[in-house]
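Structure first, commentary second.
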Amino acid sequence: MTSLEAHGLSKRFGDRVAVHDVSFSLGRGEVLAIIGPNGAGKTTLLSMLAGGLEPSEGELKLPPAGGIGWVPQQTAVYSKLSVAENLRLFARLEGVADAGAAVDRMLEQTGLRARAGDEVGRLSGGNRQRVNIAIGLISEPAVLLLDEPTSALDPRQRARLWEFINDRVLAGTSVAFATHDIAEAERYAGAVLVLADGEMLFAGSPAGLGAAEHENDLERAFVAFLAERGH
Ligand SMILES: Nc1ncnc2c1ncn2[C@@H]1O[C@H](COP(=O)(O)OP(=O)(O)OP(=O)(O)O)[C@@H](O)[C@H]1O
Ligand SMILES: [Mg+2]
């Protein structure tokens with residue numbers, strides 16, 4: 001069962017083509033990593049999937065309203081409000097029927113209950129990112145989209161965050177995330193989508209990038225893959 005499908009998706013800003021002719025599908029409980037150099041179009045692609053940006057061309061099949069959770073790279077939380085206040089605010093903005101229950105559930109799932117009353121601005125980067133992700137998940141979306149979710153986290157926080165995301169995946173949530181961390185893509189994603197200058201160069205299992213020919217070093221294989229294609 002597919003949760004999300006993109007067919008021939010393109011986005012132009014003036015005469016700059018940020019994303020060109022991207023097609024893929026994401027099944028229930030699947031995890032897709034979107035990798036590619038700076039300016040490749042990862043954020044633009046995710047923003048279109050999240051519904052925040054209108055595609056110039058192409059078609060999107062998305063879950064029904066409220067079915068997509070979006071975790072942007074820049075946290076959208078209010079630093080002067082507490083963790084619980086932020087969650088309640090976003091639950092209301094998302095039109096969640098029982099905001100109190102949703103806040104309670106997210107405090108439990110993220111392990112943030114002890115921090116519920118703390119101002120978000122005073123939290124560590126890792127805990128702030130947990131709040132950010134809790135907000136993306138507050139409407140129990142079928143699809144979770146994350147833009148470089150772990151770039152500011154230390155290895156332990158990163159592992160904890162992935163434990164949390166993987167729990168959601170086991171419950172059936174589909175995940176697409178952008179990352180510059182190739183090891184993270186290999187470890188957590190069943191499929192990778194490679195973008196460079198807006199073009200989709202590859203979509204498939206990470207093994208297809210040829211790590212076997214580079215001493216199983218996917219990062220080196222990825223750099224070689226891009227170089228061979230002129231990027
Ligand atoms: N609102 C905008 N107006 C004009 N150009 C834009 C806009 N947003 C993005 N672009 C351009 O589209 C291209 C893709 O940008 P995007 O932010 O999607 O890349 P990215 O892969 O997320 O890069 P990074 O790894 O640096 O986050 C870039 O050339 C960027 O300058
Ligand atoms: Mg980006």
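Chain labels run A, B, ... following the order of the structure tokens; each chain numbers its residues from 1, and ligands are numbered from 1 in the order shown.
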Give me, as a compact mmCIF listing (two decimals) with N, CA and C atoms, in the first residue's frame, all polymer residues having an atom no more than 9 Å from stretch 160-177 of chain A, counting only C-alpha atoms and skipping those fewer than 5 positions away in the same chain.
# COMPACT_ATOMS: atom_id res chain seq x y z
N SER A 3 1.73 5.16 0.57
CA SER A 3 1.26 6.28 1.39
C SER A 3 1.37 7.58 0.62
N LEU A 4 2.30 7.59 -0.32
CA LEU A 4 2.60 8.83 -1.02
C LEU A 4 3.22 8.49 -2.38
N LEU A 26 6.26 5.91 -1.86
CA LEU A 26 6.65 5.56 -0.49
C LEU A 26 5.53 4.68 0.07
N GLY A 27 5.89 3.45 0.45
CA GLY A 27 4.89 2.53 0.99
C GLY A 27 4.72 2.70 2.48
N ARG A 28 3.64 2.12 2.98
CA ARG A 28 3.37 2.16 4.42
C ARG A 28 4.53 1.53 5.18
N GLY A 29 5.02 2.23 6.21
CA GLY A 29 6.10 1.71 7.04
C GLY A 29 7.46 1.70 6.36
N GLU A 30 7.56 2.36 5.21
CA GLU A 30 8.87 2.45 4.53
C GLU A 30 9.61 3.71 4.95
N VAL A 31 10.93 3.63 4.85
CA VAL A 31 11.78 4.78 5.18
C VAL A 31 12.64 5.12 3.98
N LEU A 32 12.55 6.36 3.52
CA LEU A 32 13.29 6.83 2.34
C LEU A 32 14.24 7.95 2.76
N ALA A 33 15.51 7.80 2.39
CA ALA A 33 16.48 8.88 2.63
C ALA A 33 16.69 9.66 1.34
N ILE A 34 16.66 10.98 1.44
CA ILE A 34 16.92 11.83 0.28
C ILE A 34 18.30 12.44 0.48
N ILE A 35 19.24 12.08 -0.39
CA ILE A 35 20.61 12.56 -0.22
C ILE A 35 21.04 13.30 -1.49
N LYS A 42 16.69 19.03 -2.16
CA LYS A 42 16.09 18.16 -1.12
C LYS A 42 15.00 18.89 -0.35
N LEU A 46 10.97 18.10 -0.36
CA LEU A 46 10.22 17.82 0.87
C LEU A 46 9.12 18.85 1.10
N GLN A 109 5.71 9.53 24.51
CA GLN A 109 6.49 8.90 23.43
C GLN A 109 7.88 9.49 23.29
N THR A 110 8.01 10.80 23.52
CA THR A 110 9.31 11.43 23.32
C THR A 110 10.17 11.39 24.58
N GLY A 126 19.24 18.61 21.45
CA GLY A 126 18.61 17.31 21.21
C GLY A 126 17.17 17.29 21.70
N GLN A 129 15.00 19.32 19.49
CA GLN A 129 14.68 18.59 18.26
C GLN A 129 13.59 17.56 18.52
N ARG A 130 13.59 16.98 19.73
CA ARG A 130 12.51 16.05 20.08
C ARG A 130 11.16 16.77 20.08
N ILE A 133 10.06 17.25 16.57
CA ILE A 133 9.53 16.01 15.98
C ILE A 133 8.19 15.64 16.59
N GLU A 140 -0.73 12.33 14.55
CA GLU A 140 -0.57 10.92 14.19
C GLU A 140 -0.62 10.73 12.68
N PRO A 141 0.27 11.41 11.96
CA PRO A 141 0.23 11.36 10.50
C PRO A 141 0.66 10.00 9.95
N ALA A 142 0.17 9.68 8.76
CA ALA A 142 0.58 8.44 8.10
C ALA A 142 1.99 8.57 7.53
N VAL A 143 2.36 9.83 7.21
CA VAL A 143 3.67 10.09 6.61
C VAL A 143 4.38 11.18 7.41
N LEU A 144 5.64 10.92 7.73
CA LEU A 144 6.44 11.91 8.45
C LEU A 144 7.59 12.34 7.55
N LEU A 145 7.72 13.64 7.32
CA LEU A 145 8.78 14.19 6.48
C LEU A 145 9.72 14.99 7.37
N LEU A 146 11.03 14.71 7.26
CA LEU A 146 11.99 15.40 8.12
C LEU A 146 13.16 15.92 7.30
N ASP A 147 13.51 17.18 7.54
CA ASP A 147 14.61 17.80 6.80
C ASP A 147 15.84 17.88 7.70
N GLU A 148 16.83 17.05 7.42
CA GLU A 148 18.06 16.97 8.21
C GLU A 148 17.77 16.95 9.72
N PRO A 149 17.03 15.93 10.16
CA PRO A 149 16.55 15.92 11.55
C PRO A 149 17.65 15.78 12.59
N THR A 150 18.79 15.20 12.24
CA THR A 150 19.79 14.90 13.28
C THR A 150 21.07 15.70 13.12
N PRO A 155 26.05 11.85 18.78
CA PRO A 155 25.74 10.47 18.38
C PRO A 155 24.70 9.79 19.27
N ALA A 185 21.75 7.34 6.33
CA ALA A 185 20.85 6.89 5.26
C ALA A 185 20.94 5.37 5.13
N TYR A 188 19.34 3.54 8.40
CA TYR A 188 17.93 3.63 8.76
C TYR A 188 16.95 3.58 7.59
N ALA A 189 17.44 3.78 6.36
CA ALA A 189 16.50 3.85 5.24
C ALA A 189 16.54 2.57 4.42
**Prompt:** Where in stretch 19-93 of chain A does DSSP assign alpha helix (DSSP H), given as an MDAnalysis selection string?
**Reply:** chainID A and resid 42:50 83:93
**Asked** Do you know which residues are at most 12 Å from A:Gly52 counting only C-alpha atoms, after dropping those on the same chain fewer than 5 positions away, and could you put them as a PyMOL selection string?
**Response** chain A and resi 43-47+68-72+145
**Item:** At most 6 Å from ligand 1 (only C-alpha atoms and all ligand atoms): residue list as a PyMOL selection string
**Value:** chain A and resi 13+18+37-44
Produce a file of the selected residues containing N, CA and C atoms, as a PDB file, in the first residue's frame.
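So selection.pdb came out as:
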ATOM      1  N   PHE A  13      11.980  28.121  -9.759  1.00  0.00           N
ATOM      2  CA  PHE A  13      11.937  29.456  -9.144  1.00  0.00           C
ATOM      3  C   PHE A  13      12.450  30.406 -10.215  1.00  0.00           C
ATOM      4  N   ALA A  18      14.793  23.977  -9.565  1.00  0.00           N
ATOM      5  CA  ALA A  18      15.283  23.450  -8.280  1.00  0.00           C
ATOM      6  C   ALA A  18      15.065  21.943  -8.190  1.00  0.00           C
ATOM      7  N   PRO A  37      24.071  16.773  -2.831  1.00  0.00           N
ATOM      8  CA  PRO A  37      24.873  17.933  -2.433  1.00  0.00           C
ATOM      9  C   PRO A  37      24.020  19.144  -2.030  1.00  0.00           C
ATOM     10  N   ASN A  38      24.635  20.125  -1.426  1.00  0.00           N
ATOM     11  CA  ASN A  38      23.953  21.380  -1.097  1.00  0.00           C
ATOM     12  C   ASN A  38      23.326  21.944  -2.363  1.00  0.00           C
ATOM     13  N   GLY A  39      22.103  22.403  -2.230  1.00  0.00           N
ATOM     14  CA  GLY A  39      21.419  23.002  -3.378  1.00  0.00           C
ATOM     15  C   GLY A  39      20.830  21.994  -4.346  1.00  0.00           C
ATOM     16  N   ALA A  40      20.849  20.713  -3.976  1.00  0.00           N
ATOM     17  CA  ALA A  40      20.362  19.654  -4.873  1.00  0.00           C
ATOM     18  C   ALA A  40      18.856  19.709  -5.080  1.00  0.00           C
ATOM     19  N   GLY A  41      18.137  20.269  -4.105  1.00  0.00           N
ATOM     20  CA  GLY A  41      16.675  20.336  -4.215  1.00  0.00           C
ATOM     21  C   GLY A  41      15.956  19.509  -3.155  1.00  0.00           C
ATOM     22  N   LYS A  42      16.690  19.028  -2.157  1.00  0.00           N
ATOM     23  CA  LYS A  42      16.094  18.165  -1.122  1.00  0.00           C
ATOM     24  C   LYS A  42      14.996  18.889  -0.353  1.00  0.00           C
ATOM     25  N   THR A  43      15.312  20.091   0.143  1.00  0.00           N
ATOM     26  CA  THR A  43      14.324  20.839   0.924  1.00  0.00           C
ATOM     27  C   THR A  43      13.137  21.235   0.040  1.00  0.00           C
ATOM     28  N   THR A  44      13.433  21.598  -1.204  1.00  0.00           N
ATOM     29  CA  THR A  44      12.354  21.968  -2.131  1.00  0.00           C
ATOM     30  C   THR A  44      11.422  20.779  -2.354  1.00  0.00           C
TER      31      THR A  44
END
**Message:** I'd like the contact shell of A:Leu81 - 10 Å cut-off, only C-alpha atoms, skipping same-chain residues fewer than 4 positions apart - returned as a count of residues only.
**Reply:** 10
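Pairwise distance (atom CA of A:Gly198, atom CA of A:His20) equals 5.2 Å.
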**Asked** DSSP on the backbone: what in stretch 26-216 of chain A comes out strand (DSSP E or B), as an MDAnalysis selection string?
**Response** chainID A and resid 26:27 31:35 57:61 68:71 82 119 143:147 174:178 191:196 199:204
**Item:** Near-stretch 6-9 of chain A list (10 Å; only C-alpha atoms; drop same-chain fewer than 4 positions) as a ChimeraX atom specification
**Value:** /A:19-26,45,48-49,55-62
Selection file, C-alpha atoms, as an mmCIF file, in the first residue's frame:
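Produced file out-v3.cif, reproduced below:
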data_model
loop_
_atom_site.group_PDB
_atom_site.id
_atom_site.type_symbol
_atom_site.label_atom_id
_atom_site.label_comp_id
_atom_site.auth_asym_id
_atom_site.auth_seq_id
_atom_site.Cartn_x
_atom_site.Cartn_y
_atom_site.Cartn_z
ATOM 1 C CA VAL A 19 13.660 20.032 -8.802
ATOM 2 C CA HIS A 20 13.253 18.347 -12.180
ATOM 3 C CA ASP A 21 11.053 15.377 -13.057
ATOM 4 C CA VAL A 22 11.193 13.422 -9.798
ATOM 5 C CA SER A 23 9.058 10.298 -9.440
ATOM 6 C CA PHE A 24 8.924 7.828 -6.564
ATOM 7 C CA SER A 25 6.522 6.157 -4.202
ATOM 8 C CA LEU A 26 6.646 5.560 -0.492
ATOM 9 C CA LEU A 45 11.193 18.396 -2.769
ATOM 10 C CA MET A 48 6.286 20.134 -2.006
ATOM 11 C CA LEU A 49 5.505 16.777 -0.360
ATOM 12 C CA PRO A 55 4.834 22.058 -7.731
ATOM 13 C CA SER A 56 5.431 23.705 -11.132
ATOM 14 C CA GLU A 57 4.712 20.391 -12.827
ATOM 15 C CA GLY A 58 3.801 16.853 -11.937
ATOM 16 C CA GLU A 59 1.370 15.043 -9.741
ATOM 17 C CA LEU A 60 1.314 14.149 -6.098
ATOM 18 C CA LYS A 61 -0.807 11.534 -4.412
ATOM 19 C CA LEU A 62 -0.847 12.407 -0.737
#
